[in-house]
Amino acid sequence: MTIKLKCLSHTPLRGLNDPAPDVIAEVDAVLARARADVEAFDPELIVIFAPDHYNGLFYDLMPPFVIATAAVSVGDYMTLPGPLSVERDLALDLARFILDHDVDISLSHRLQVDHGCTQTLEELTGSLTRYPVIPIIINSVAPPFAPYRRIRRLGEVVGQFIATLDKRVLVLGTGGLSHEPPVPLLEGAPEAIGEFLICGRNPTPEARAARQARTVAAGKIYGTELSAQTPLNAEWDQAFIALLLDARLDAVDDFSIEEISKEAGRSTHEVRTWVAAFAALAAARGGYSAQRDYYRPINEWIAGYGVMSAEPR
Ligand SMILES: O=C(O)CCc1cccc(O)c1O
Ligand SMILES: [Fe+2]
């Protein structure tokens with residue numbers, strides 16, 4: 001078994017509300033290098049830990065985390081629509097392994113996924129079907145959340161499973177870092193918004209266009225005194241990256257969900273996907289060496305935008 005890791009932020013505002021051309025060029029160069037790494041590694045399986053943003057998962061049934069044996073992209077924010085190439089039997093084997101190791105993961109035989117899962121797959125592989133993939137969606141936007149220690153444990157068990165495979169496995173985490181796009185909270189929401197958060201799947205094209213427009217409008221003022229959203233927190237981001245570089249993964253057990261929401265923004269919890277990915281790498285092969293490939297706070301994209309790579313020491 002050989003394993004590599006890549007963790008990247010995602011931003012649906014790319015191409016919709018871009019920063020200066022030199023910043024885009026920087027990010028394009030980092031993504032091109034990451035894509036070349038993936039091409040050279042030629043994974044036989046990709047395990048992607050990703051968030052959902054009320055496109056596949058809603059409060060009518062909100063799992064702390066769920067593994068999909070079949071997944072279809074909703075194609076929001078100009079991302080590719082259609083099915084992912086999920087290895088059904090292997091995903092089921094992984095589901096059984098996780099449950100047998102006392103981590104109570106949910107299972108979906110037909111999950112809708114959004115830009116949170118598909119943008120990174122597309123950026124690193126050029127499609128949703130180039131390589132076999134197993135999506136594990138971690139609730140990162142719909143409180144209450146499982147403690148970070150449970151996410152670390154989930155990653156550990158996935159890593160133990162990966163260690164049993166005779167394959168080249170790429171583990172991906174996508175989301176974060178610090179940021180707070182205008183994702184509504186159920187608490188105190190107007191009735192119509194509450195209804196959407198509880199059972200809003202398969203919105204009309206008009207509703208999806210309106211949501212996209214709201215996010216673009218938020219991106220235009222994000223980080224200025226006009227915005228009510230918690231601003232990016234580069235200090236928090238750099239400390240989180242340092243924790244991963246130093247393999248101090250158990251430090252996440254002390255993370256306070258409320259404090260992170262207040263200090264860095266409510267969607268910063270997408271970093272739970274990074275925690276799971278690094279925990280999987282560490283469990284699969286013990287020590288790892290990691291590098292920060294890129295970091296820049298990018299207000300236009302509503303993202304403390306980071307990219308990291310790691311592999312066994
Ligand atoms: O459509 C939404 O709910 C929010 C979209 C969104 C915006 C900026 C950064 C993100 O990570 C993100 O997911
Ligand atoms: Fe997101």
# chains A, B, ... in the order shown; residues from 1 in each chain; ligands from 1
call {"tool": "residues_near_ligand", "arguments": {"ligand": "ligand 1", "cutoff": "9 Å", "atoms": "only C-alpha atoms and all ligand atoms", "output": "ChimeraX atom specification"}}
result
/A:9-13,51-55,76-77,114-116,141,174-177,179-184,208,211-212,214-216,218-219,267-268,270,300-304
call {"tool": "select_by_dssp", "arguments": {"residues": "region 68-309 of chain A", "states": "strand (DSSP E or B)", "output": "PyMOL selection string"}}
result
chain A and resi 68+71-73+82-83+86+106-108+111-113+133-138+168-174+288-298+303-309
call {"tool": "write_last_selection", "arguments": {"atoms": "N, CA and C atoms", "output": "CSV table (one decimal), in the first residue's frame"}}
result
chain,number,residue,atom,x,y,z
A,68,ALA,N,-20.5,7.1,1.1
A,68,ALA,CA,-21.4,6.9,-0.1
A,68,ALA,C,-20.9,5.7,-0.9
A,71,ALA,N,-22.6,8.2,-5.7
A,71,ALA,CA,-22.7,9.7,-5.4
A,71,ALA,C,-22.9,10.4,-6.7
A,72,VAL,N,-23.7,11.4,-6.7
A,72,VAL,CA,-24.0,12.2,-7.9
A,72,VAL,C,-23.8,13.7,-7.5
A,73,SER,N,-23.0,14.4,-8.4
A,73,SER,CA,-22.8,15.8,-8.2
A,73,SER,C,-24.0,16.6,-8.6
A,82,GLY,N,-23.3,15.2,-12.4
A,82,GLY,CA,-23.3,13.8,-12.8
A,82,GLY,C,-22.6,12.9,-11.8
A,83,PRO,N,-22.5,11.6,-12.1
A,83,PRO,CA,-22.0,10.6,-11.1
A,83,PRO,C,-20.5,10.6,-10.9
A,86,VAL,N,-17.7,5.8,-8.0
A,86,VAL,CA,-17.5,5.2,-6.6
A,86,VAL,C,-17.3,3.7,-6.7
A,106,SER,N,-22.8,6.7,9.0
A,106,SER,CA,-24.0,6.5,8.2
A,106,SER,C,-23.6,6.0,6.8
A,107,LEU,N,-24.6,5.5,6.1
A,107,LEU,CA,-24.3,4.9,4.8
A,107,LEU,C,-25.3,5.4,3.8
A,108,SER,N,-24.8,5.8,2.6
A,108,SER,CA,-25.8,6.2,1.6
A,108,SER,C,-25.5,5.4,0.3
A,111,LEU,N,-26.0,9.3,-2.8
A,111,LEU,CA,-25.8,10.5,-2.1
A,111,LEU,C,-25.6,11.7,-3.1
A,112,GLN,N,-26.2,12.8,-2.9
A,112,GLN,CA,-25.9,14.0,-3.7
A,112,GLN,C,-24.8,14.7,-3.0
A,113,VAL,N,-23.8,15.1,-3.9
A,113,VAL,CA,-22.6,15.8,-3.3
A,113,VAL,C,-22.6,17.2,-4.1
A,133,VAL,N,-13.3,6.3,-6.6
A,133,VAL,CA,-13.3,7.3,-5.4
A,133,VAL,C,-14.3,6.7,-4.4
A,134,ILE,N,-14.0,7.0,-3.1
A,134,ILE,CA,-14.9,6.8,-2.1
A,134,ILE,C,-15.1,8.1,-1.3
A,135,PRO,N,-16.3,8.7,-1.4
A,135,PRO,CA,-16.6,10.0,-0.7
A,135,PRO,C,-17.1,9.7,0.7
A,136,ILE,N,-16.5,10.4,1.7
A,136,ILE,CA,-16.9,10.4,3.0
A,136,ILE,C,-17.3,11.9,3.4
A,137,ILE,N,-18.5,12.2,3.6
A,137,ILE,CA,-19.0,13.5,3.8
A,137,ILE,C,-19.1,13.8,5.3
A,138,ILE,N,-18.4,14.8,5.8
A,138,ILE,CA,-18.4,15.1,7.2
A,138,ILE,C,-19.2,16.4,7.4
A,168,ARG,N,-2.3,2.0,-4.5
A,168,ARG,CA,-1.9,3.4,-4.4
A,168,ARG,C,-3.1,4.2,-4.0
A,169,VAL,N,-3.1,4.8,-2.8
A,169,VAL,CA,-4.3,5.5,-2.3
A,169,VAL,C,-4.0,6.9,-2.1
A,170,LEU,N,-4.8,7.8,-2.7
A,170,LEU,CA,-4.7,9.2,-2.4
A,170,LEU,C,-5.8,9.6,-1.5
A,171,VAL,N,-5.5,10.2,-0.4
A,171,VAL,CA,-6.4,10.7,0.6
A,171,VAL,C,-6.6,12.2,0.4
A,172,LEU,N,-7.8,12.7,0.3
A,172,LEU,CA,-8.0,14.1,0.1
A,172,LEU,C,-8.9,14.7,1.2
A,173,GLY,N,-8.6,15.9,1.6
A,173,GLY,CA,-9.5,16.7,2.4
A,173,GLY,C,-9.8,18.0,1.7
A,174,THR,N,-11.0,18.5,1.8
A,174,THR,CA,-11.3,19.7,1.1
A,174,THR,C,-12.2,20.6,1.9
A,288,TYR,N,4.5,11.0,9.3
A,288,TYR,CA,4.4,11.5,7.9
A,288,TYR,C,5.2,12.8,7.9
A,289,SER,N,5.6,13.2,6.7
A,289,SER,CA,6.1,14.5,6.5
A,289,SER,C,5.2,15.3,5.6
A,290,ALA,N,4.9,16.5,6.1
A,290,ALA,CA,3.9,17.4,5.4
A,290,ALA,C,4.5,18.7,5.0
A,291,GLN,N,3.9,19.3,4.0
A,291,GLN,CA,4.4,20.6,3.5
A,291,GLN,C,3.2,21.5,3.3
A,292,ARG,N,3.5,22.8,3.5
A,292,ARG,CA,2.5,23.8,3.2
A,292,ARG,C,2.8,24.3,1.7
A,293,ASP,N,1.9,23.9,0.8
A,293,ASP,CA,2.2,24.3,-0.6
A,293,ASP,C,1.7,25.7,-0.9
A,294,TYR,N,0.8,26.2,-0.1
A,294,TYR,CA,0.3,27.5,-0.4
A,294,TYR,C,-0.6,28.0,0.8
A,295,TYR,N,-0.5,29.3,1.1
A,295,TYR,CA,-1.6,29.9,1.9
A,295,TYR,C,-1.7,31.3,1.6
A,296,ARG,N,-2.9,31.8,1.4
A,296,ARG,CA,-3.2,33.2,1.3
A,296,ARG,C,-4.7,33.4,1.7
A,297,PRO,N,-4.9,34.4,2.5
A,297,PRO,CA,-6.3,34.8,2.8
A,297,PRO,C,-6.9,35.5,1.6
A,298,ILE,N,-8.0,35.0,1.0
A,298,ILE,CA,-8.5,35.5,-0.2
A,298,ILE,C,-10.0,35.9,0.0
A,303,ALA,N,-12.4,32.7,1.5
A,303,ALA,CA,-11.6,31.5,1.9
A,303,ALA,C,-10.2,31.9,2.4
A,304,GLY,N,-9.9,31.4,3.6
A,304,GLY,CA,-8.5,31.4,4.0
A,304,GLY,C,-7.9,30.2,3.2
A,305,TYR,N,-7.3,30.5,2.0
A,305,TYR,CA,-7.1,29.5,1.0
A,305,TYR,C,-5.7,28.8,1.2
A,306,GLY,N,-5.8,27.5,1.5
A,306,GLY,CA,-4.6,26.7,1.8
A,306,GLY,C,-4.5,25.4,1.0
A,307,VAL,N,-3.3,25.0,0.7
A,307,VAL,CA,-3.0,23.7,0.1
A,307,VAL,C,-1.9,23.0,0.8
A,308,MET,N,-2.1,21.8,1.2
A,308,MET,CA,-1.0,21.0,1.9
A,308,MET,C,-0.9,19.6,1.2
A,309,SER,N,0.3,19.1,1.3
A,309,SER,CA,0.6,17.8,0.8
A,309,SER,C,1.3,17.0,1.9
call {"tool": "atom_distance", "arguments": {"atom1": "CA of Phe49 (chain A)", "atom2": "CA of Gly15 (chain A)"}}
result
24.0 Å
call {"tool": "select_by_dssp", "arguments": {"residues": "region 91-185 of chain A", "states": "helix (DSSP H, G or I)", "output": "number ranges by chain"}}
result
A: 91-100, 115-125, 148-162
call {"tool": "residues_around", "arguments": {"residues": "Arg201 (chain A)", "least_positions_apart": "3", "cutoff": "10 Å", "atoms": "only C-alpha atoms", "output": "list of chain:residue names"}}
result
A:Tyr54, A:Asn55, A:Gly56, A:Leu57, A:Phe58, A:Val74, A:Gln112, A:Phe196, A:Leu197, A:Ile198, A:Thr204
call {"tool": "write_last_selection", "arguments": {"atoms": "C-alpha atoms", "output": "PDB file, in the first residue's frame"}}
result
ATOM      1  CA  TYR A  54     -27.212  21.733   2.362  1.00  0.00           C
ATOM      2  CA  ASN A  55     -27.163  20.239  -1.115  1.00  0.00           C
ATOM      3  CA  GLY A  56     -27.072  16.527  -0.289  1.00  0.00           C
ATOM      4  CA  LEU A  57     -27.634  16.562   3.468  1.00  0.00           C
ATOM      5  CA  PHE A  58     -30.428  18.378   5.330  1.00  0.00           C
ATOM      6  CA  VAL A  74     -25.512  18.455  -8.067  1.00  0.00           C
ATOM      7  CA  GLN A 112     -25.924  13.971  -3.695  1.00  0.00           C
ATOM      8  CA  PHE A 196     -34.946  24.749   3.217  1.00  0.00           C
ATOM      9  CA  LEU A 197     -32.426  23.666   5.852  1.00  0.00           C
ATOM     10  CA  ILE A 198     -34.648  20.769   6.874  1.00  0.00           C
ATOM     11  CA  THR A 204     -35.338  24.821  -8.661  1.00  0.00           C
TER      12      THR A 204
END
call {"tool": "closest_residue", "arguments": {"among": "A:Ala242, A:Ser140, A:Ala34, A:Leu165", "to": "ligand 2", "atoms": "only C-alpha atoms and all ligand atoms"}}
result
A:Ser140
call {"tool": "atom_distance", "arguments": {"atom1": "CA of Asn233 (chain A)", "atom2": "CA of Val252 (chain A)"}}
result
17.4 Å
call {"tool": "residues_around", "arguments": {"residues": "Thr129 (chain A)", "least_positions_apart": "3", "cutoff": "7 Å", "atoms": "only C-alpha atoms", "output": "mmCIF file with N, CA, C and O atoms, in the first residue's frame"}}
result
data_model
loop_
_atom_site.group_PDB
_atom_site.id
_atom_site.type_symbol
_atom_site.label_atom_id
_atom_site.label_comp_id
_atom_site.auth_asym_id
_atom_site.auth_seq_id
_atom_site.Cartn_x
_atom_site.Cartn_y
_atom_site.Cartn_z
ATOM 1 N N LEU A 84 -20.111 10.279 -9.701
ATOM 2 C CA LEU A 84 -18.706 10.036 -9.399
ATOM 3 C C LEU A 84 -18.457 8.543 -9.604
ATOM 4 O O LEU A 84 -19.380 7.747 -9.552
ATOM 5 N N SER A 85 -17.176 8.192 -9.811
ATOM 6 C CA SER A 85 -16.870 6.764 -10.056
ATOM 7 C C SER A 85 -16.575 6.100 -8.709
ATOM 8 O O SER A 85 -15.422 5.906 -8.330
ATOM 9 N N PRO A 132 -11.153 5.656 -9.386
ATOM 10 C CA PRO A 132 -12.146 5.178 -8.415
ATOM 11 C C PRO A 132 -12.095 6.037 -7.148
ATOM 12 O O PRO A 132 -10.994 6.426 -6.712
#
call {"tool": "residues_around", "arguments": {"residues": "Trp236 (chain A)", "least_positions_apart": "3", "cutoff": "8 Å", "atoms": "only C-alpha atoms", "output": "MDAnalysis selection string"}}
result
chainID A and resid 178 233 239:240 263:264
call {"tool": "write_last_selection", "arguments": {"atoms": "N, CA and C atoms", "output": "tab-separated table (two decimals), in the first residue's frame"}}
result
chain	number	residue	atom	x	y	z
A	178	SER	N	-10.10	29.21	7.48
A	178	SER	CA	-11.07	30.12	8.13
A	178	SER	C	-11.96	30.75	7.06
A	233	ASN	N	-9.30	34.56	9.23
A	233	ASN	CA	-8.39	34.67	10.37
A	233	ASN	C	-7.09	33.96	10.02
A	239	ALA	N	-1.83	28.69	12.43
A	239	ALA	CA	-1.64	27.83	13.61
A	239	ALA	C	-2.15	26.42	13.31
A	240	PHE	N	-3.27	26.35	12.55
A	240	PHE	CA	-3.82	25.03	12.21
A	240	PHE	C	-2.86	24.30	11.27
A	263	GLU	N	-14.04	32.85	16.36
A	263	GLU	CA	-12.72	33.43	16.01
A	263	GLU	C	-12.45	33.41	14.51
A	264	ALA	N	-12.91	32.31	13.84
A	264	ALA	CA	-12.45	32.08	12.46
A	264	ALA	C	-13.60	31.97	11.47
call {"tool": "closest_residue", "arguments": {"among": "A:Leu243, A:Val103, A:Leu90, A:Leu80", "to": "Gly155 (chain A)", "atoms": "only C-alpha atoms"}}
result
A:Val103
